[in-house]
Amino acid sequence: MNDKQNSKSMFEAYGDLADEINTPILIAGRNLQHENQMDDTIADICAKLEPNKNCRLLELGCNIGMLLNPLSSLVASCVGLDHHKLVGFFRDSGTPENVALLEGEWPTTKVEGSFDRILVYDVLHLVPDAGTALKFIEACYDILEPGGRLLIGDLPNKDMHKRYQSTEFGQKVAADYDAAREKERANITNESQQRTAILSDALFDNYMDDAFIFSVLGSARKSGLHAFTLPQPDTLPFCFSREDILIARPR
Ligand SMILES: C[S@@+](CC[C@H](N)C(=O)[O-])C[C@H]1O[C@@H](n2cnc3c(N)ncnc32)[C@H](O)[C@@H]1O
């Protein structure tokens with residue numbers, strides 16, 4: 001735990017981005033250099049989640065809809081849940097007809113009904129600790145339909161990061177990334193720095209490691225669900241240090 005005991009949560013800090021930042025990709029927590037990787041990210045999510053026209057999809061932590069907007073055209077209907085300021089931004093920018101938006105924080109805010117697909121992408125490391133994260137995931141089990149899939153994607157596993165940074169290749173990729181970030185910070189309006197400042201003032205302690213990943217697999221399997229870890233293709237922004245968990249309820 002860091003020493004910012006009185007700081008706001010990452011959930012609240014993301015909400016503030018909707019007020020303070022105008023560039024959508026920055027509000028969604030990505031960097032400007034990742035804009036051209038969105039199509040690959042969505043393709044990878046689809047390969048794992050397998051959305052189809054009969055599905056009801058829930059995205060927990062939908063932010064301003066960078067994923068939910070394109071995914072909505074592949075399913076029957078969707079629900080997105082996030083901070084009221086982000087949901088407001090999403091709504092104001094025009095929500096597809098089959099998307100319903102809910103304001104609040106999972107799992108305190110309940111969602112009605114059950115779902116064939118649930119997406120939690122680039123979200124789980126933002127909750128305060130491993131216990132809270134496990135409760136977040138376990139609350140999804142009850143609303144997952146038979147044959148349904150829950151994708152918990154883009155997990156920044158610290159142990160995976162260490163393994164990759166221990167190689168010469170990993171050190172080079174990390175150096176290239178740092179150089180690109182420096183350039184980004186120098187070249188654009190101050191929004192990138194402003195975003196960094198807002199988020200770095202919030203309470204963040206990345207608890208995510210191999211033990212946590214195994215605990216999620218164990219929890220799902222003990223609950224009668226299939227659970228797998230999946231790698232990301234190297235077209236994705238942090239593919240060498242992030243992985244996904246796919247949970248499926250047997251039919
Ligand atoms: C890095 S953004 C990713 C947004 C989106 N999933 C995407 O990939 O474009 C993380 C989002 O998770 C949301 N979030 C964090 N904790 C949450 C919780 N407990 N319930 C709902 N949303 C949450 C934040 O407000 C933020 O919008």
# chains A, B, ... in the order shown; residues from 1 in each chain; ligands from 1
>>> residues_around(residues="range 70-76 of chain A", least_positions_apart="5", cutoff="6 Å", atoms="only C-alpha atoms", output="ChimeraX atom specification")
/A:52-56
>>> write_last_selection(atoms="all heavy atoms", output="PDB file, in the first residue's frame")
ATOM      1  N   ASN A  52     -21.876 -12.868 -30.614  1.00  0.00           N
ATOM      2  CA  ASN A  52     -22.710 -13.153 -31.790  1.00  0.00           C
ATOM      3  C   ASN A  52     -24.055 -12.454 -31.627  1.00  0.00           C
ATOM      4  O   ASN A  52     -24.352 -11.914 -30.555  1.00  0.00           O
ATOM      5  CB  ASN A  52     -22.862 -14.658 -32.021  1.00  0.00           C
ATOM      6  CG  ASN A  52     -23.639 -15.322 -30.905  1.00  0.00           C
ATOM      7  OD1 ASN A  52     -24.798 -14.984 -30.650  1.00  0.00           O
ATOM      8  ND2 ASN A  52     -23.008 -16.250 -30.192  1.00  0.00           N
ATOM      9  N   LYS A  53     -24.841 -12.489 -32.684  1.00  0.00           N
ATOM     10  CA  LYS A  53     -26.067 -11.695 -32.755  1.00  0.00           C
ATOM     11  C   LYS A  53     -27.151 -12.122 -31.757  1.00  0.00           C
ATOM     12  O   LYS A  53     -28.154 -11.434 -31.606  1.00  0.00           O
ATOM     13  CB  LYS A  53     -26.635 -11.735 -34.179  1.00  0.00           C
ATOM     14  CG  LYS A  53     -25.880 -10.811 -35.122  1.00  0.00           C
ATOM     15  CD  LYS A  53     -26.200  -9.355 -34.797  1.00  0.00           C
ATOM     16  CE  LYS A  53     -25.614  -8.390 -35.806  1.00  0.00           C
ATOM     17  NZ  LYS A  53     -25.828  -6.990 -35.427  1.00  0.00           N
ATOM     18  N   ASN A  54     -26.951 -13.284 -31.098  1.00  0.00           N
ATOM     19  CA  ASN A  54     -27.943 -13.701 -30.090  1.00  0.00           C
ATOM     20  C   ASN A  54     -27.541 -13.292 -28.679  1.00  0.00           C
ATOM     21  O   ASN A  54     -28.248 -13.588 -27.720  1.00  0.00           O
ATOM     22  CB  ASN A  54     -28.119 -15.224 -30.114  1.00  0.00           C
ATOM     23  CG  ASN A  54     -28.601 -15.682 -31.457  1.00  0.00           C
ATOM     24  OD1 ASN A  54     -29.477 -15.044 -32.033  1.00  0.00           O
ATOM     25  ND2 ASN A  54     -28.018 -16.752 -31.976  1.00  0.00           N
ATOM     26  N   CYS A  55     -26.385 -12.666 -28.546  1.00  0.00           N
ATOM     27  CA  CYS A  55     -25.810 -12.444 -27.204  1.00  0.00           C
ATOM     28  C   CYS A  55     -26.306 -11.186 -26.520  1.00  0.00           C
ATOM     29  O   CYS A  55     -26.506 -10.154 -27.160  1.00  0.00           O
ATOM     30  CB  CYS A  55     -24.302 -12.232 -27.308  1.00  0.00           C
ATOM     31  SG  CYS A  55     -23.376 -13.694 -27.567  1.00  0.00           S
ATOM     32  N   ARG A  56     -26.385 -11.306 -25.190  1.00  0.00           N
ATOM     33  CA  ARG A  56     -26.527 -10.117 -24.345  1.00  0.00           C
ATOM     34  C   ARG A  56     -25.153  -9.900 -23.710  1.00  0.00           C
ATOM     35  O   ARG A  56     -24.621 -10.803 -23.044  1.00  0.00           O
ATOM     36  CB  ARG A  56     -27.598 -10.397 -23.289  1.00  0.00           C
ATOM     37  CG  ARG A  56     -27.966  -9.182 -22.498  1.00  0.00           C
ATOM     38  CD  ARG A  56     -29.225  -9.389 -21.645  1.00  0.00           C
ATOM     39  NE  ARG A  56     -29.598  -8.114 -21.054  1.00  0.00           N
ATOM     40  CZ  ARG A  56     -29.753  -7.915 -19.748  1.00  0.00           C
ATOM     41  NH1 ARG A  56     -29.633  -8.922 -18.886  1.00  0.00           N
ATOM     42  NH2 ARG A  56     -30.056  -6.715 -19.281  1.00  0.00           N
TER      43      ARG A  56
END
>>> residues_near_ligand(ligand="ligand 1", cutoff="6 Å", atoms="only C-alpha atoms and all ligand atoms", output="list in words")
Phe11, Tyr14, Gly15, Ala28, Gly29, Leu60, Gly61, Cys62, Asn63, Met66, Leu67, Leu81, Asp82, His83, Glu105, Trp106, Tyr121, Asp122, Val123, Leu126 and Val127 of chain A
>>> select_by_dssp(residues="range 34-247 of chain A", states="helix (DSSP H, G or I)", output="number ranges by chain")
A: 34-49, 68-72, 84-92, 124-126, 130-141, 158-165, 168-187, 191-200, 210-222
>>> closest_residue(among="A:Ala13, A:Leu124, A:Ala174, A:Gly65", to="Pro237 in chain A", atoms="only C-alpha atoms")
A:Ala174
>>> residues_around(residues="Ile118 in chain A", least_positions_apart="3", cutoff="9 Å", atoms="only C-alpha atoms", output="ChimeraX atom specification")
/A:49,56-60,115,140,143-144,148-152
>>> select_by_dssp(residues="range 92-218 of chain A", states="strand (DSSP E or B)", output="VMD selection string")
chain A and resid 99 to 103 115 to 121 144 to 156 203
>>> residues_around(residues="range 96-99 of chain A", least_positions_apart="2", cutoff="7 Å", atoms="only C-alpha atoms", output="PyMOL selection string")
chain A and resi 69+72+77-79+94+101
>>> write_last_selection(atoms="all heavy atoms", output="PDB file, in the first residue's frame")
ATOM      1  N   ASN A  69     -18.756   0.436 -28.094  1.00  0.00           N
ATOM      2  CA  ASN A  69     -19.317   0.949 -29.361  1.00  0.00           C
ATOM      3  C   ASN A  69     -19.129  -0.056 -30.489  1.00  0.00           C
ATOM      4  O   ASN A  69     -20.113  -0.504 -31.079  1.00  0.00           O
ATOM      5  CB  ASN A  69     -18.694   2.294 -29.728  1.00  0.00           C
ATOM      6  CG  ASN A  69     -19.548   3.448 -29.255  1.00  0.00           C
ATOM      7  OD1 ASN A  69     -20.764   3.313 -29.111  1.00  0.00           O
ATOM      8  ND2 ASN A  69     -18.934   4.571 -28.996  1.00  0.00           N
ATOM      9  N   SER A  72     -20.956  -3.465 -29.868  1.00  0.00           N
ATOM     10  CA  SER A  72     -22.429  -3.447 -29.854  1.00  0.00           C
ATOM     11  C   SER A  72     -23.016  -3.900 -31.192  1.00  0.00           C
ATOM     12  O   SER A  72     -24.110  -4.448 -31.234  1.00  0.00           O
ATOM     13  CB  SER A  72     -22.946  -2.059 -29.478  1.00  0.00           C
ATOM     14  OG  SER A  72     -22.611  -1.143 -30.488  1.00  0.00           O
ATOM     15  N   SER A  77     -27.816  -7.110 -27.669  1.00  0.00           N
ATOM     16  CA  SER A  77     -27.950  -5.936 -26.800  1.00  0.00           C
ATOM     17  C   SER A  77     -26.791  -5.890 -25.811  1.00  0.00           C
ATOM     18  O   SER A  77     -26.137  -6.913 -25.553  1.00  0.00           O
ATOM     19  CB  SER A  77     -29.273  -5.988 -26.036  1.00  0.00           C
ATOM     20  OG  SER A  77     -29.279  -7.109 -25.179  1.00  0.00           O
ATOM     21  N   CYS A  78     -26.545  -4.696 -25.270  1.00  0.00           N
ATOM     22  CA  CYS A  78     -25.408  -4.514 -24.354  1.00  0.00           C
ATOM     23  C   CYS A  78     -25.807  -3.646 -23.173  1.00  0.00           C
ATOM     24  O   CYS A  78     -26.655  -2.761 -23.298  1.00  0.00           O
ATOM     25  CB  CYS A  78     -24.263  -3.728 -24.962  1.00  0.00           C
ATOM     26  SG  CYS A  78     -23.827  -4.086 -26.600  1.00  0.00           S
ATOM     27  N   VAL A  79     -25.104  -3.872 -22.074  1.00  0.00           N
ATOM     28  CA  VAL A  79     -25.169  -2.978 -20.922  1.00  0.00           C
ATOM     29  C   VAL A  79     -23.737  -2.577 -20.591  1.00  0.00           C
ATOM     30  O   VAL A  79     -22.834  -3.420 -20.596  1.00  0.00           O
ATOM     31  CB  VAL A  79     -25.810  -3.679 -19.702  1.00  0.00           C
ATOM     32  CG1 VAL A  79     -25.792  -2.768 -18.481  1.00  0.00           C
ATOM     33  CG2 VAL A  79     -27.250  -4.112 -20.012  1.00  0.00           C
ATOM     34  N   GLY A  94     -23.208   9.968 -28.112  1.00  0.00           N
ATOM     35  CA  GLY A  94     -24.104   9.192 -28.980  1.00  0.00           C
ATOM     36  C   GLY A  94     -23.937   7.709 -28.745  1.00  0.00           C
ATOM     37  O   GLY A  94     -22.948   7.118 -29.158  1.00  0.00           O
ATOM     38  N   LEU A 101     -26.866   2.118 -20.583  1.00  0.00           N
ATOM     39  CA  LEU A 101     -25.748   2.494 -19.717  1.00  0.00           C
ATOM     40  C   LEU A 101     -26.192   2.618 -18.264  1.00  0.00           C
ATOM     41  O   LEU A 101     -27.268   3.147 -17.979  1.00  0.00           O
ATOM     42  CB  LEU A 101     -25.145   3.816 -20.193  1.00  0.00           C
ATOM     43  CG  LEU A 101     -24.474   3.741 -21.569  1.00  0.00           C
ATOM     44  CD1 LEU A 101     -24.012   5.113 -22.027  1.00  0.00           C
ATOM     45  CD2 LEU A 101     -23.310   2.752 -21.556  1.00  0.00           C
TER      46      LEU A 101
END
>>> closest_residue(among="A:Leu203, A:Ala179, A:Ile137, A:Ala197", to="Ile247 in chain A", atoms="only C-alpha atoms")
A:Ile137
>>> closest_residue(among="A:Leu217, A:Arg117, A:Tyr177, A:His161", to="Glu50 in chain A", atoms="only C-alpha atoms")
A:Arg117
>>> residues_around(residues="Ile27 in chain A", least_positions_apart="6", cutoff="12 Å", atoms="only C-alpha atoms", output="list in words")
Ala13, Tyr14, Gly15, Asp16, Leu17, Ala18, Asp19, Glu20, Ile21, Cys62, Asn63, Ile64, Gly65, Met66, Lys85, Leu86, Val87, Phe89, Phe90, Glu191, Ser192, Gln194, Arg195, Thr196, Ile198 and Leu199 of chain A
>>> atom_distance(atom1="CA of Ser219 in chain A", atom2="CA of Asp234 in chain A")
28.7 Å
>>> atom_distance(atom1="CA of Arg91 in chain A", atom2="CA of Glu35 in chain A")
21.4 Å
>>> closest_residue(among="A:Pro107, A:Lys162, A:Asp210, A:Gly153", to="Phe136 in chain A", atoms="only C-alpha atoms")
A:Pro107
>>> residues_around(residues="Ala202 in chain A", least_positions_apart="4", cutoff="8 Å", atoms="only C-alpha atoms", output="list of chain:residue names")
A:Lys4, A:Ser7, A:Lys8, A:Ser9, A:Met10, A:Ala13, A:Ile198
>>> write_last_selection(atoms="N, CA, C and O atoms", output="PDB file, in the first residue's frame")
ATOM      1  N   LYS A   4      -0.713   7.212   0.222  1.00  0.00           N
ATOM      2  CA  LYS A   4      -1.735   8.206  -0.125  1.00  0.00           C
ATOM      3  C   LYS A   4      -3.100   7.778   0.422  1.00  0.00           C
ATOM      4  O   LYS A   4      -4.081   7.715  -0.300  1.00  0.00           O
ATOM      5  N   SER A   7      -6.141   9.636  -0.544  1.00  0.00           N
ATOM      6  CA  SER A   7      -6.347   9.929  -1.962  1.00  0.00           C
ATOM      7  C   SER A   7      -7.640   9.292  -2.446  1.00  0.00           C
ATOM      8  O   SER A   7      -8.162   8.369  -1.839  1.00  0.00           O
ATOM      9  N   LYS A   8      -8.091   9.762  -3.612  1.00  0.00           N
ATOM     10  CA  LYS A   8      -9.289   9.144  -4.172  1.00  0.00           C
ATOM     11  C   LYS A   8      -8.935   7.830  -4.839  1.00  0.00           C
ATOM     12  O   LYS A   8      -7.767   7.539  -5.122  1.00  0.00           O
ATOM     13  N   SER A   9      -9.969   7.034  -5.076  1.00  0.00           N
ATOM     14  CA  SER A   9      -9.752   5.737  -5.723  1.00  0.00           C
ATOM     15  C   SER A   9      -9.477   5.954  -7.207  1.00  0.00           C
ATOM     16  O   SER A   9      -9.784   7.016  -7.769  1.00  0.00           O
ATOM     17  N   MET A  10      -8.945   4.932  -7.860  1.00  0.00           N
ATOM     18  CA  MET A  10      -8.724   5.018  -9.303  1.00  0.00           C
ATOM     19  C   MET A  10     -10.061   5.184 -10.033  1.00  0.00           C
ATOM     20  O   MET A  10     -10.142   5.852 -11.061  1.00  0.00           O
ATOM     21  N   ALA A  13     -10.812   8.750  -9.892  1.00  0.00           N
ATOM     22  CA  ALA A  13      -9.850   9.498 -10.713  1.00  0.00           C
ATOM     23  C   ALA A  13     -10.205   9.353 -12.197  1.00  0.00           C
ATOM     24  O   ALA A  13     -10.132  10.323 -12.965  1.00  0.00           O
ATOM     25  N   ILE A 198      -3.441  13.426 -12.920  1.00  0.00           N
ATOM     26  CA  ILE A 198      -4.723  13.097 -12.270  1.00  0.00           C
ATOM     27  C   ILE A 198      -4.682  11.659 -11.752  1.00  0.00           C
ATOM     28  O   ILE A 198      -5.043  11.377 -10.610  1.00  0.00           O
TER      29      ILE A 198
END
>>> residues_around(residues="Asp129 in chain A", least_positions_apart="5", cutoff="10 Å", atoms="only C-alpha atoms", output="MDAnalysis selection string")
chainID A and resid 1 124 134 204:208
